[in-house]
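This is model-v6.cif. It holds mmCIF, C-alpha atoms.
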data_final
#
loop_
_atom_site.label_atom_id
_atom_site.label_comp_id
_atom_site.auth_asym_id
_atom_site.auth_seq_id
_atom_site.Cartn_x
_atom_site.Cartn_y
_atom_site.Cartn_z
CA MET A 976 -2.26 -3.98 46.87
CA ASP A 977 -0.78 -2.52 43.68
CA ALA A 978 -1.56 -4.21 40.37
CA ILE A 979 1.25 -6.37 38.98
CA ARG A 980 2.19 -5.52 35.40
CA ASN A 981 1.57 -8.28 32.82
CA THR A 982 5.04 -8.40 31.28
CA VAL A 983 4.27 -11.75 29.58
CA LEU A 984 1.52 -10.19 27.47
CA GLU A 985 3.73 -7.20 26.70
CA ALA A 986 6.53 -9.48 25.50
CA TRP A 987 4.13 -11.47 23.29
CA MET A 988 2.76 -8.29 21.71
CA THR A 989 6.27 -6.98 21.01
CA GLU A 990 7.34 -10.27 19.45
CA HIS A 991 4.30 -10.41 17.16
CA GLY A 992 4.17 -6.74 16.21
CA TYR A 993 0.97 -5.74 17.98
CA SER A 994 0.19 -2.30 19.38
CA SER A 995 -2.55 -1.91 21.96
CA ASN A 996 -4.95 -0.66 19.28
CA SER A 997 -4.17 -3.39 16.73
CA LEU A 998 -4.56 -6.16 19.33
CA ALA A 999 -7.89 -4.65 20.40
CA ASP A 1000 -9.03 -4.65 16.76
CA ALA A 1001 -7.96 -8.28 16.25
CA VAL A 1002 -9.75 -9.43 19.41
CA ASN A 1003 -12.87 -7.49 18.42
CA ARG A 1004 -12.97 -9.33 15.08
CA ALA A 1005 -12.46 -12.65 16.85
CA VAL A 1006 -15.33 -11.81 19.22
CA GLU A 1007 -17.49 -11.12 16.16
CA GLN A 1008 -16.65 -14.53 14.72
CA LEU A 1009 -17.51 -16.21 18.03
CA THR A 1010 -20.65 -14.29 18.95
CA GLY A 1011 -21.85 -12.59 15.77
CA ARG A 1012 -21.32 -9.15 17.30
CA LEU A 1013 -18.20 -7.01 16.97
CA GLY A 1014 -16.30 -6.65 20.25
CA GLY A 1015 -16.12 -3.31 22.03
CA LEU A 1016 -12.45 -3.18 23.06
CA ASP A 1017 -10.09 -0.31 22.33
CA GLY A 1018 -6.46 0.45 23.03
CA SER A 1019 -7.20 1.45 26.63
CA SER A 1020 -8.65 -2.02 27.27
CA VAL A 1021 -5.38 -3.68 26.23
CA ARG A 1022 -3.34 -1.16 28.22
CA ALA A 1023 -5.41 -2.15 31.28
CA TRP A 1024 -4.40 -5.78 30.64
CA LYS A 1025 -0.74 -4.85 30.37
CA ALA A 1026 -0.84 -2.72 33.51
CA GLY A 1027 -2.47 -5.55 35.45
CA ARG A 1028 -5.58 -3.52 36.22
CA VAL A 1029 -7.58 -6.28 34.49
CA ALA A 1030 -6.02 -9.57 35.56
CA TRP A 1031 -8.68 -11.89 34.07
CA PRO A 1032 -10.76 -10.67 31.05
CA LYS A 1033 -14.38 -11.69 30.56
CA SER A 1034 -15.03 -15.14 29.12
CA ALA A 1035 -15.93 -14.10 25.53
CA THR A 1036 -13.00 -11.69 25.37
CA ARG A 1037 -10.69 -14.32 26.82
CA ALA A 1038 -11.77 -16.92 24.25
CA ALA A 1039 -11.29 -14.42 21.43
CA LEU A 1040 -7.82 -13.46 22.72
CA GLU A 1041 -6.87 -17.12 22.87
CA ASP A 1042 -8.03 -17.54 19.26
CA VAL A 1043 -5.90 -14.60 18.15
CA THR A 1044 -2.76 -15.64 20.01
CA GLY A 1045 -3.09 -19.43 19.91
CA LEU A 1046 -2.24 -19.52 23.65
CA PRO A 1047 -4.34 -20.05 26.79
CA ALA A 1048 -4.92 -16.91 28.84
CA VAL A 1049 -2.76 -18.13 31.74
CA ALA A 1050 0.18 -18.53 29.32
CA LEU A 1051 -0.25 -14.86 28.44
CA GLY A 1052 0.25 -13.82 32.07
CA PHE A 1053 -3.40 -13.52 33.11
CA VAL A 1054 -4.39 -14.76 36.57
CA PRO A 1055 -7.80 -16.46 37.10
CA ARG A 1056 -9.99 -15.02 39.82
CA GLY A 1057 -9.40 -16.69 43.16
CA ARG A 1058 -5.86 -17.80 42.32
CA PRO A 1059 -3.24 -16.43 44.77
CA SER A 1060 -1.33 -13.41 43.53
CA PRO A 1061 2.28 -13.90 42.55
CA THR A 1062 4.67 -14.22 45.50
CA PRO A 1063 6.81 -11.24 46.50
CA ALA A 1064 10.11 -10.76 44.77
CA PRO A 1065 12.95 -12.91 46.27
CA SER A 1066 15.72 -11.45 48.35
CA HIS A 1067 19.11 -10.74 46.80
CA GLN A 1068 20.59 -14.04 48.08
CA GLU A 1069 17.55 -16.03 47.00
CA GLU A 1070 17.71 -14.42 43.58
CA HIS A 1071 21.43 -15.31 43.31
CA ASP A 1072 20.78 -18.95 44.23
CA MET A 1073 17.82 -19.15 41.85
CA LYS A 1074 19.87 -17.76 38.93
CA ARG A 1075 22.63 -20.27 39.68
CA ARG A 1076 20.16 -23.19 39.69
CA THR A 1077 18.59 -21.93 36.48
CA LEU A 1078 21.99 -21.63 34.78
CA VAL A 1079 23.11 -25.12 35.81
CA GLY A 1080 19.76 -26.61 34.85
CA GLY A 1081 19.84 -24.81 31.50
CA ILE A 1082 23.31 -26.13 30.70
CA ALA A 1083 22.22 -29.67 31.55
CA ALA A 1084 19.07 -29.38 29.46
CA ALA A 1085 21.04 -27.99 26.50
CA ALA A 1086 23.53 -30.84 26.72
CA ALA A 1087 20.74 -33.41 26.81
CA ALA A 1088 19.07 -31.81 23.81
CA ALA A 1089 22.32 -31.80 21.85
CA ALA A 1090 22.86 -35.48 22.58
CA ALA A 1091 19.37 -36.51 21.52
CA PRO A 1092 18.98 -36.85 17.74
CA GLY A 1093 16.03 -35.25 15.95
CA THR A 1094 14.79 -33.21 18.93
CA ALA A 1095 15.58 -29.69 17.64
CA SER A 1096 12.83 -27.14 18.21
CA PRO A 1097 10.72 -26.42 15.14
CA ARG A 1098 11.12 -23.06 13.45
CA ARG A 1099 8.85 -20.31 14.78
CA ILE A 1100 6.93 -18.56 11.98
CA GLY A 1101 6.11 -14.96 12.88
CA MET A 1102 4.70 -11.75 11.50
CA SER A 1103 8.14 -10.86 10.11
CA ASP A 1104 7.66 -13.73 7.63
CA VAL A 1105 4.21 -12.41 6.72
CA ASN A 1106 5.55 -8.87 6.31
CA ARG A 1107 8.29 -10.14 4.00
CA LEU A 1108 5.64 -11.76 1.80
CA ASN A 1109 3.52 -8.63 1.87
CA LYS A 1110 6.42 -6.61 0.48
CA ARG A 1111 6.53 -9.03 -2.45
CA PHE A 1112 2.77 -8.55 -2.85
CA ALA A 1113 3.30 -4.81 -3.26
CA GLU A 1114 5.80 -5.59 -6.05
CA ILE A 1115 3.22 -7.76 -7.82
CA ILE A 1116 0.64 -4.97 -7.59
CA ALA A 1117 3.13 -2.48 -9.05
CA SER A 1118 3.99 -4.83 -11.94
CA ASP A 1119 0.31 -5.31 -12.70
CA HIS A 1120 -0.32 -1.57 -12.96
CA ARG A 1121 2.66 -1.13 -15.27
CA HIS A 1122 2.28 -4.14 -17.55
CA GLY A 1123 -1.19 -5.63 -17.08
CA GLY A 1124 -2.14 -9.27 -17.56
CA GLN A 1125 1.19 -10.78 -18.58
CA PRO A 1126 1.75 -14.52 -17.97
CA GLY A 1127 4.95 -13.68 -16.10
CA ILE A 1128 3.02 -11.71 -13.47
CA GLU A 1129 0.53 -14.54 -13.14
CA GLU A 1130 3.32 -17.09 -12.66
CA ARG A 1131 5.15 -15.00 -10.03
CA ALA A 1132 1.95 -14.40 -8.10
CA ALA A 1133 1.05 -18.11 -8.14
CA ALA A 1134 4.55 -19.06 -6.99
CA LEU A 1135 4.34 -16.61 -4.08
CA ALA A 1136 0.94 -18.06 -3.13
CA ASP A 1137 2.63 -21.47 -2.91
CA GLU A 1138 5.42 -19.96 -0.83
CA ALA A 1139 2.88 -18.62 1.67
CA LEU A 1140 1.32 -22.08 1.97
CA ASN A 1141 4.70 -23.76 2.36
CA LEU A 1142 5.40 -21.54 5.36
CA GLN A 1143 2.33 -23.02 7.05
CA ASN A 1144 4.20 -26.33 7.30
CA ALA A 1145 7.64 -24.86 8.03
CA GLY A 1146 7.18 -24.47 11.78
CA SER A 1147 4.92 -23.42 14.63
CA ALA A 1148 2.85 -20.23 14.53
CA THR A 1149 0.03 -18.45 16.31
CA GLN A 1150 -3.45 -18.42 14.86
CA ARG A 1151 -2.99 -14.79 13.86
CA VAL A 1152 0.14 -15.65 11.87
CA ARG A 1153 -1.52 -18.66 10.23
CA SER A 1154 -4.58 -16.59 9.27
CA SER A 1155 -2.28 -13.91 7.86
CA LEU A 1156 -0.40 -16.51 5.80
CA TYR A 1157 -3.67 -17.82 4.36
CA ALA A 1158 -4.65 -14.23 3.59
CA SER A 1159 -1.29 -13.66 1.85
CA GLY A 1160 -1.74 -16.84 -0.16
CA ALA A 1161 -5.25 -15.74 -1.15
CA ALA A 1162 -3.97 -12.27 -2.09
CA PHE A 1163 -1.25 -13.68 -4.35
CA ARG A 1164 -3.64 -16.18 -5.90
CA SER A 1165 -6.18 -13.41 -6.55
CA SER A 1166 -3.43 -11.41 -8.29
CA ALA A 1167 -2.70 -14.43 -10.48
CA MET A 1168 -6.44 -14.61 -11.15
CA TRP A 1169 -6.55 -10.93 -12.12
CA ALA A 1170 -3.53 -11.24 -14.41
CA ALA A 1171 -5.27 -14.13 -16.19
CA ILE A 1172 -8.52 -12.12 -16.46
CA ASP A 1173 -6.65 -9.10 -17.80
CA GLY A 1174 -4.94 -11.34 -20.34
CA ARG A 1175 -8.28 -12.92 -21.34
CA ARG A 1176 -7.16 -16.38 -20.11
CA TYR A 1177 -10.49 -17.08 -18.47
CA ASP A 1178 -10.23 -20.85 -17.89
CA VAL A 1179 -6.95 -20.31 -16.03
CA ALA A 1180 -8.51 -17.41 -14.12
CA LYS A 1181 -11.32 -19.67 -12.88
CA ALA A 1182 -8.79 -22.17 -11.51
CA HIS A 1183 -6.97 -19.39 -9.63
CA MET A 1184 -10.34 -18.12 -8.38
CA ARG A 1185 -11.29 -21.45 -6.80
CA GLU A 1186 -7.96 -21.70 -5.00
CA ALA A 1187 -8.11 -18.07 -3.88
CA GLN A 1188 -11.65 -18.49 -2.51
CA SER A 1189 -10.61 -21.52 -0.47
CA LEU A 1190 -7.61 -19.71 1.05
CA ALA A 1191 -9.67 -16.60 1.76
CA GLU A 1192 -12.22 -18.65 3.72
CA MET A 1193 -9.44 -20.14 5.86
CA SER A 1194 -7.99 -16.68 6.49
CA GLY A 1195 -11.27 -15.06 7.56
CA ASP A 1196 -10.03 -11.84 5.90
CA GLN A 1197 -13.04 -9.93 4.55
CA ALA A 1198 -10.97 -7.54 2.44
CA ILE A 1199 -9.40 -10.36 0.43
CA LYS A 1200 -12.79 -12.09 0.10
CA PHE A 1201 -14.11 -8.83 -1.35
CA ARG A 1202 -11.23 -8.63 -3.81
CA ILE A 1203 -11.72 -12.18 -5.08
CA TRP A 1204 -15.49 -11.98 -5.56
CA SER A 1205 -15.22 -8.51 -7.08
CA HIS A 1206 -12.62 -9.87 -9.54
CA ALA A 1207 -15.02 -12.72 -10.33
CA GLY A 1208 -17.72 -10.19 -11.18
CA THR A 1209 -15.32 -8.39 -13.52
CA MET A 1210 -14.30 -11.67 -15.14
CA TYR A 1211 -17.88 -12.64 -15.94
CA ARG A 1212 -18.55 -9.11 -17.22
CA HIS A 1213 -15.64 -9.40 -19.66
CA MET A 1214 -16.98 -12.81 -20.70
CA GLY A 1215 -20.36 -11.28 -21.57
CA ARG A 1216 -22.21 -12.99 -18.71
CA PRO A 1217 -23.83 -10.09 -16.82
CA ALA A 1218 -26.14 -12.27 -14.67
CA ASP A 1219 -23.17 -14.24 -13.30
CA ALA A 1220 -21.18 -11.02 -12.98
CA CYS A 1221 -23.93 -9.41 -10.92
CA ALA A 1222 -24.25 -12.46 -8.66
CA ALA A 1223 -20.51 -12.61 -7.98
CA ASN A 1224 -20.24 -8.88 -7.36
CA ASP A 1225 -23.22 -9.09 -4.98
CA VAL A 1226 -21.25 -11.52 -2.80
CA ALA A 1227 -18.54 -8.88 -2.45
CA ARG A 1228 -21.03 -6.06 -1.87
CA ASN A 1229 -22.89 -8.00 0.84
CA LEU A 1230 -19.82 -8.52 3.01
CA HIS A 1231 -19.95 -6.70 6.35
CA LEU A 1232 -16.81 -4.81 5.32
CA THR A 1233 -18.78 -2.67 2.85
CA ARG A 1234 -21.01 -1.41 5.67
CA ARG A 1235 -17.98 -0.39 7.72
CA ASP A 1236 -15.96 1.26 4.95
CA PRO A 1237 -17.61 3.44 2.27
CA LEU A 1238 -14.62 3.05 -0.06
CA PHE A 1239 -15.23 -0.69 -0.40
CA ALA A 1240 -18.93 0.08 -0.87
CA SER A 1241 -18.02 2.58 -3.59
CA LEU A 1242 -15.89 0.07 -5.51
CA GLY A 1243 -18.62 -2.56 -5.32
CA LEU A 1244 -21.21 -0.10 -6.62
CA ALA A 1245 -18.96 1.18 -9.42
CA ARG A 1246 -18.30 -2.35 -10.64
CA GLN A 1247 -22.02 -3.04 -10.38
CA GLY A 1248 -22.61 0.00 -12.59
CA ALA A 1249 -20.23 -1.40 -15.20
CA ILE A 1250 -22.12 -4.71 -15.12
CA HIS A 1251 -25.45 -2.92 -15.57
CA GLY A 1252 -23.96 -1.17 -18.59
CA THR A 1253 -23.06 -4.51 -20.15
CA ALA A 1254 -26.62 -5.70 -19.47
CA GLN A 1255 -28.04 -2.53 -21.13
CA ASN A 1256 -29.75 -1.40 -17.91
CA ARG A 1257 -29.47 2.37 -18.37
CA THR A 1258 -31.36 3.46 -15.24
CA ASP A 1259 -29.55 1.01 -12.96
CA THR A 1260 -26.22 2.07 -14.43
CA ARG A 1261 -26.79 5.73 -13.66
CA ARG A 1262 -28.08 4.99 -10.15
CA ALA A 1263 -25.11 2.73 -9.32
CA PHE A 1264 -22.57 5.36 -10.32
CA GLU A 1265 -24.38 8.09 -8.40
CA GLN A 1266 -24.29 5.89 -5.30
CA ALA A 1267 -20.65 4.95 -5.90
CA GLN A 1268 -19.69 8.62 -6.12
CA ASP A 1269 -21.59 9.43 -2.94
CA ALA A 1270 -19.91 6.58 -1.05
CA MET A 1271 -16.47 7.66 -2.25
CA LEU A 1272 -17.08 11.19 -0.96
CA ARG A 1273 -18.07 9.77 2.45
CA ALA A 1274 -14.93 7.62 2.75
CA ASP A 1275 -12.29 8.82 5.22
CA PRO A 1276 -8.92 8.93 3.40
CA ALA A 1277 -7.11 8.36 6.71
CA ASP A 1278 -8.68 4.94 7.35
CA HIS A 1279 -6.39 1.92 7.15
CA ARG A 1280 -6.95 -0.09 3.96
CA PRO A 1281 -5.08 -2.88 2.12
CA VAL A 1282 -2.35 -1.92 -0.33
CA TRP A 1283 -4.14 -3.41 -3.34
CA LEU A 1284 -7.16 -1.12 -2.82
CA LEU A 1285 -5.13 2.03 -2.20
CA ALA A 1286 -2.97 1.32 -5.24
CA PHE A 1287 -5.79 1.58 -7.77
CA TYR A 1288 -9.21 2.66 -6.51
CA ASP A 1289 -9.76 6.39 -6.66
CA GLN A 1290 -11.77 8.92 -8.67
CA ALA A 1291 -9.91 7.98 -11.87
CA GLU A 1292 -10.89 4.30 -11.52
CA LEU A 1293 -14.51 5.22 -10.82
CA ASP A 1294 -14.54 7.29 -14.03
CA SER A 1295 -12.85 4.44 -15.90
CA LEU A 1296 -15.63 2.04 -14.92
CA ALA A 1297 -18.25 4.65 -15.88
CA LEU A 1298 -16.51 5.07 -19.26
CA SER A 1299 -16.77 1.32 -19.86
CA ALA A 1300 -20.45 1.26 -18.85
CA TYR A 1301 -21.54 4.18 -21.02
CA LEU A 1302 -19.60 2.84 -24.01
CA SER A 1303 -21.58 -0.40 -23.64
CA LEU A 1304 -24.81 1.60 -23.49
CA GLY A 1305 -23.92 3.57 -26.62
CA ASP A 1306 -23.99 6.87 -24.72
CA TYR A 1307 -20.81 8.14 -26.36
CA PRO A 1308 -20.81 11.79 -25.16
CA THR A 1309 -21.09 10.64 -21.52
CA ALA A 1310 -18.41 8.02 -22.13
CA GLU A 1311 -16.10 10.71 -23.58
CA TYR A 1312 -16.74 12.92 -20.53
CA HIS A 1313 -15.68 10.17 -18.12
CA ALA A 1314 -12.66 9.30 -20.28
CA HIS A 1315 -11.30 12.85 -20.05
CA ARG A 1316 -11.94 12.94 -16.28
CA CYS A 1317 -10.14 9.64 -15.86
CA LEU A 1318 -7.09 10.64 -17.90
CA ALA A 1319 -6.83 13.94 -16.05
CA SER A 1320 -6.55 12.27 -12.63
CA LEU A 1321 -4.77 8.97 -13.37
CA ARG A 1322 -1.69 8.48 -11.22
CA PRO A 1323 1.63 8.05 -13.10
CA HIS A 1324 2.08 4.39 -12.15
CA MET A 1325 -1.25 3.41 -13.79
CA VAL A 1326 0.33 2.70 -17.18
CA ARG A 1327 -1.99 -0.15 -18.12
CA SER A 1328 -5.09 1.85 -17.12
CA ARG A 1329 -3.97 4.85 -19.20
CA ALA A 1330 -3.64 2.63 -22.29
CA ILE A 1331 -7.12 1.13 -21.77
CA THR A 1332 -8.74 4.52 -21.14
CA THR A 1333 -7.06 6.09 -24.17
CA THR A 1334 -8.29 3.25 -26.38
CA ARG A 1335 -11.84 3.57 -25.05
CA LEU A 1336 -11.75 7.33 -25.62
CA ALA A 1337 -10.78 6.68 -29.25
CA HIS A 1338 -13.84 4.43 -29.60
CA ALA A 1339 -16.12 7.09 -28.09
CA LEU A 1340 -14.79 9.76 -30.45
CA LEU A 1341 -15.09 7.55 -33.53
CA ALA A 1342 -18.69 6.66 -32.66
CA GLN A 1343 -19.46 10.40 -32.65
CA GLY A 1344 -18.05 10.83 -36.15
CA ALA A 1345 -14.70 12.40 -35.17
CA ALA A 1346 -12.51 9.96 -37.14
CA GLU A 1347 -9.38 12.13 -37.23
CA ALA A 1348 -9.48 12.97 -33.51
CA ALA A 1349 -10.22 9.32 -32.70
CA THR A 1350 -7.26 8.10 -34.76
CA ALA A 1351 -4.91 10.67 -33.24
CA THR A 1352 -6.06 9.50 -29.79
CA ALA A 1353 -5.59 5.80 -30.58
CA MET A 1354 -2.08 6.51 -31.85
CA LYS A 1355 -1.13 7.72 -28.35
CA VAL A 1356 -1.36 4.17 -27.00
CA PRO A 1357 2.21 2.90 -26.44
CA ALA A 1358 3.35 0.12 -28.77
CA ASP A 1359 4.10 -2.17 -25.83
CA ALA A 1360 0.50 -2.03 -24.58
CA ALA A 1361 -0.90 -2.20 -28.11
CA THR A 1362 0.93 -5.42 -28.94
CA ARG A 1363 1.35 -7.21 -25.61
CA HIS A 1364 -1.76 -6.44 -23.57
CA ALA A 1365 -4.59 -8.72 -24.68
CA ARG A 1366 -7.46 -6.38 -23.85
CA VAL A 1367 -5.84 -3.30 -25.37
CA SER A 1368 -4.77 -5.21 -28.46
CA ARG A 1369 -8.28 -6.51 -29.05
CA MET A 1370 -9.90 -3.08 -28.55
CA LEU A 1371 -7.48 -1.50 -31.02
CA GLN A 1372 -8.22 -4.20 -33.59
CA GLU A 1373 -11.93 -3.42 -33.13
CA PHE A 1374 -11.14 0.29 -33.48
CA GLY A 1375 -9.34 -0.31 -36.77
CA ALA A 1376 -12.24 -2.36 -38.13
CA ALA A 1377 -14.74 0.35 -37.13
CA LEU A 1378 -12.55 3.06 -38.65
CA ARG A 1379 -12.33 1.22 -41.99
CA ALA A 1380 -16.11 0.72 -41.97
CA THR A 1381 -16.73 4.38 -41.14
CA ALA A 1382 -14.25 6.04 -43.49
CA PRO A 1383 -13.06 3.54 -46.13
CA ARG A 1384 -10.25 4.66 -48.46
CA SER A 1385 -9.74 7.85 -46.44
CA THR A 1386 -6.33 9.28 -45.55
CA THR A 1387 -7.22 8.64 -41.89
CA VAL A 1388 -7.45 4.90 -42.56
CA GLN A 1389 -4.12 5.04 -44.38
CA THR A 1390 -2.54 6.88 -41.45
CA TRP A 1391 -3.86 4.26 -39.02
CA THR A 1392 -2.67 1.38 -41.19
CA GLU A 1393 0.84 2.82 -41.43
CA HIS A 1394 0.92 3.40 -37.68
CA THR A 1395 -0.11 -0.17 -36.81
CA THR A 1396 2.59 -1.42 -39.17
CA THR A 1397 5.19 0.29 -36.98
CA TRP A 1398 3.71 -1.53 -33.96
CA ARG A 1399 4.12 -4.90 -35.64
CA THR A 1400 7.71 -4.02 -36.55
CA ALA A 1401 8.46 -2.95 -32.99
CA ALA A 1402 6.97 -6.18 -31.62
#

This structure in structure tokens:
Amino acid sequence: MDAIRNTVLEAWMTEHGYSSNSLADAVNRAVEQLTGRLGGLDGSSVRAWKAGRVAWPKSATRAALEDVTGLPAVALGFVPRGRPSPTPAPSHQEEHDMKRRTLVGGIAAAAAAAAAPGTASPRRIGMSDVNRLNKRFAEIIASDHRHGGQPGIEERAAALADEALNLQNAGSATQRVRSSLYASGAAFRSSAMWAAIDGRRYDVAKAHMREAQSLAEMSGDQAIKFRIWSHAGTMYRHMGRPADACAANDVARNLHLTRRDPLFASLGLARQGAIHGTAQNRTDTRRAFEQAQDAMLRADPADHRPVWLLAFYDQAELDSLALSAYLSLGDYPTAEYHAHRCLASLRPHMVRSRAITTTRLAHALLAQGAAEAATATAMKVPADAATRHARVSRMLQEFGAALRATAPRSTTVQTWTEHTTTWRTAA
């Protein structure tokens, strides 16, 4: 007897935006959560379900599929072993009579529903709602790279996190959709956290961090967990607490995700290198960056990754973190080397990163006695970043103080003073 196609499963996949491969991946992750071992399905496994060649998946797979969809297997068109196969298709007359009964019954049911107050079906929340939020997330990421840690970015990100949570209570949804909404809420909250870190508003950043961590746990999304804990490591590094920074970054680095994807491993190692620089651990700093570079070279550019990672982590960011580390260590020639490498490969949208790197390069040059070249470099920082970005503004103030200490009463100091006056006027 020929297999009967599972059109119910096909319809569910179409409605929720799943391909055979993406459903296989989701079920594999659910199997891992249930059993501790990643499932072994692929797209051909799901195509066998749809074609009816596998009418009743194995118990662990079935439980994982039910977790992903929020529906029992029989509601997805699967037939338990031993249950009679579906009856043959009705004759033309039987089909006509059945359609007529269905139509009459449907009209009666609709009339009864219209007459009964307060019985309207709840709204169905789907992946289209999640995708709409994710488009807004991309806008937040773009704003961050242009403007850095502005309170406005933080406020928009926090508001969108609340919007994601409000959708949880706006109607019914599958487990996949609910997990995705929690992940979206965690992503927005982690962007609010990062904006607060970048703006040196650390107490506010900690509050965003706690909320983001809670949402990430409910989502089960390892990538967003990595982002939050990695941000926490950076926050503590900026606060001058390298032990806490290392502990937080270790949480990110120990996630299973870093063993599957070398690019995540590379970012974790590069940030660890920056922390070691703050802690004055020269050998560990060098080793971490060597390992980060090796992992980056092993990463497959074609692999699917979240938008926030693809938007910023590349060779330029690795060199930026190395620049920060070697500045902290007082190895100014190596810091200058990484600064030039970073500036040469920075993508155009990384406006905030270019301002930070240019300022750090000015510090590296000044520390090597090149006051004129350092001042000319610092003067390339745009006035907007110099006056409105907390980290850049502070580093330029420190640069001015170091310049005055290095070359008091020189024409270079006068040039710098006149230039900063124009910034204050522009602000």

Problem - Nearest to Ala1382 of chain A, chosen from A:Thr1350, A:Thr1149, A:Ser1154, A:Gln1247, with all atoms listed in the file counted in the distances - result: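 Using all atoms listed in the file, Ala1382 of chain A sits closest to A:Thr1350.
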
Practice task
Find the distance between atom CA of Ala1330 of chain A and atom CA of Val1356 of chain A and write it in Å to one decimal.
Solution key: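 The value is 5.5 Å.
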
Exercise for the section: Would you write out, as an MDAnalysis selection string, every residue that the PyMOL selection byres ((chain A and resi 1287-1295) around 6) captures in this file? Expected result: chainID A and resid 1284:1286 1296:1298 1313 1317 1320:1321

Requested write-out: C-alpha atoms of the selected residues, as a short mmCIF file (atom, residue, chain, number, x, y, z; two decimals), keeping the file's coordinate frame:
data_model
loop_
_atom_site.label_atom_id
_atom_site.label_comp_id
_atom_site.auth_asym_id
_atom_site.auth_seq_id
_atom_site.Cartn_x
_atom_site.Cartn_y
_atom_site.Cartn_z
CA LEU A 1284 -7.16 -1.12 -2.82
CA LEU A 1285 -5.13 2.03 -2.20
CA ALA A 1286 -2.97 1.32 -5.24
CA LEU A 1296 -15.63 2.04 -14.92
CA ALA A 1297 -18.25 4.65 -15.88
CA LEU A 1298 -16.51 5.07 -19.26
CA HIS A 1313 -15.68 10.17 -18.12
CA CYS A 1317 -10.14 9.64 -15.86
CA SER A 1320 -6.55 12.27 -12.63
CA LEU A 1321 -4.77 8.97 -13.37
#

Handout entry: Expected selection from the PyMOL selection byres ((chain A and resi 1303) around 12), given as number ranges by chain
Key = A: 1212-1213, 1215, 1248-1257, 1260, 1296-1302, 1304-1307, 1309-1310, 1335, 1338-1339, 1342

Selection file, C-alpha atoms, as a JSON list (two decimals), in the coordinates of the input:
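Output saved as out-v6.json:
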[["chain", "number", "residue", "atom", "x", "y", "z"],
["A", 1212, "ARG", "CA", -18.55, -9.11, -17.22],
["A", 1213, "HIS", "CA", -15.64, -9.40, -19.66],
["A", 1215, "GLY", "CA", -20.36, -11.28, -21.57],
["A", 1248, "GLY", "CA", -22.61, 0.00, -12.59],
["A", 1249, "ALA", "CA", -20.23, -1.40, -15.20],
["A", 1250, "ILE", "CA", -22.12, -4.71, -15.12],
["A", 1251, "HIS", "CA", -25.45, -2.92, -15.57],
["A", 1252, "GLY", "CA", -23.96, -1.17, -18.59],
["A", 1253, "THR", "CA", -23.06, -4.51, -20.15],
["A", 1254, "ALA", "CA", -26.62, -5.70, -19.47],
["A", 1255, "GLN", "CA", -28.04, -2.53, -21.13],
["A", 1256, "ASN", "CA", -29.75, -1.40, -17.91],
["A", 1257, "ARG", "CA", -29.47, 2.37, -18.37],
["A", 1260, "THR", "CA", -26.22, 2.07, -14.43],
["A", 1296, "LEU", "CA", -15.63, 2.04, -14.92],
["A", 1297, "ALA", "CA", -18.25, 4.65, -15.88],
["A", 1298, "LEU", "CA", -16.51, 5.07, -19.26],
["A", 1299, "SER", "CA", -16.77, 1.32, -19.86],
["A", 1300, "ALA", "CA", -20.45, 1.26, -18.85],
["A", 1301, "TYR", "CA", -21.54, 4.18, -21.02],
["A", 1302, "LEU", "CA", -19.60, 2.84, -24.01],
["A", 1304, "LEU", "CA", -24.81, 1.60, -23.49],
["A", 1305, "GLY", "CA", -23.92, 3.57, -26.62],
["A", 1306, "ASP", "CA", -23.99, 6.87, -24.72],
["A", 1307, "TYR", "CA", -20.81, 8.14, -26.36],
["A", 1309, "THR", "CA", -21.09, 10.64, -21.52],
["A", 1310, "ALA", "CA", -18.41, 8.02, -22.13],
["A", 1335, "ARG", "CA", -11.84, 3.57, -25.05],
["A", 1338, "HIS", "CA", -13.84, 4.43, -29.60],
["A", 1339, "ALA", "CA", -16.12, 7.09, -28.09],
["A", 1342, "ALA", "CA", -18.69, 6.66, -32.66]]

Practice task
Could you state which residues are captured by the PyMOL selection byres ((chain A and resi 1221) around 9) in this file, as a PyMOL selection string?
Solution key: chain A and resi 1208+1211-1212+1216-1220+1222-1226+1247+1250-1251

Practice task
May I have the residues at most 12 Å from (0.9, 1.1, -26.2) in the file's coordinates, counting all atoms listed in the file, as an MDAnalysis selection string?
Solution key: chainID A and resid 1121:1123 1326:1334 1352:1368 1370:1371 1394:1395 1397:1399 1401:1402

Practice task
Could you please determine the separation between atom CA of Glu1192 of chain A and atom CA of Ala1170 of chain A in Å, to one decimal place?
Solution key: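 Taking atom CA of Glu1192 of chain A as the start and atom CA of Ala1170 of chain A as the end point, the length is 21.4 Å.
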
Exercise for the section: Just give me the residues with any atom within 6 Å of (-12.7, 8.7, -24.1), file coordinates, counting only C-alpha atoms, written as number ranges by chain. Expected result: A: 1311, 1314-1315, 1335-1337, 1339

Problem - Computed interatomic separation between atom CA of Ala1270 of chain A and atom CA of Asp1196 of chain A (Å) - result: 22.0 Å

Problem - Pick from A:Ser1034, A:Arg1235, A:Arg1316, A:Arg1379, whichever lies nearest to His1279 of chain A using all atoms listed in the file - result: A:Arg1235

Practice task
Find the residues near Leu1046 of chain A: any atom within 12 Å, counting all atoms listed in the file, skip ones fewer than 4 places away on the same chain, and give them as a VMD selection string.
Solution key: chain A and resid 983 to 984 987 1037 to 1042 1050 to 1053 1148 to 1151

Practice task
For each of A:Val1054, A:Leu1230, A:Met1325, A:Ala1346, take the minimum atom-to-atom distance to Arg1028 of chain A, counting all atoms listed in the file, then give the residue where this is smallest.
Solution key: A:Val1054
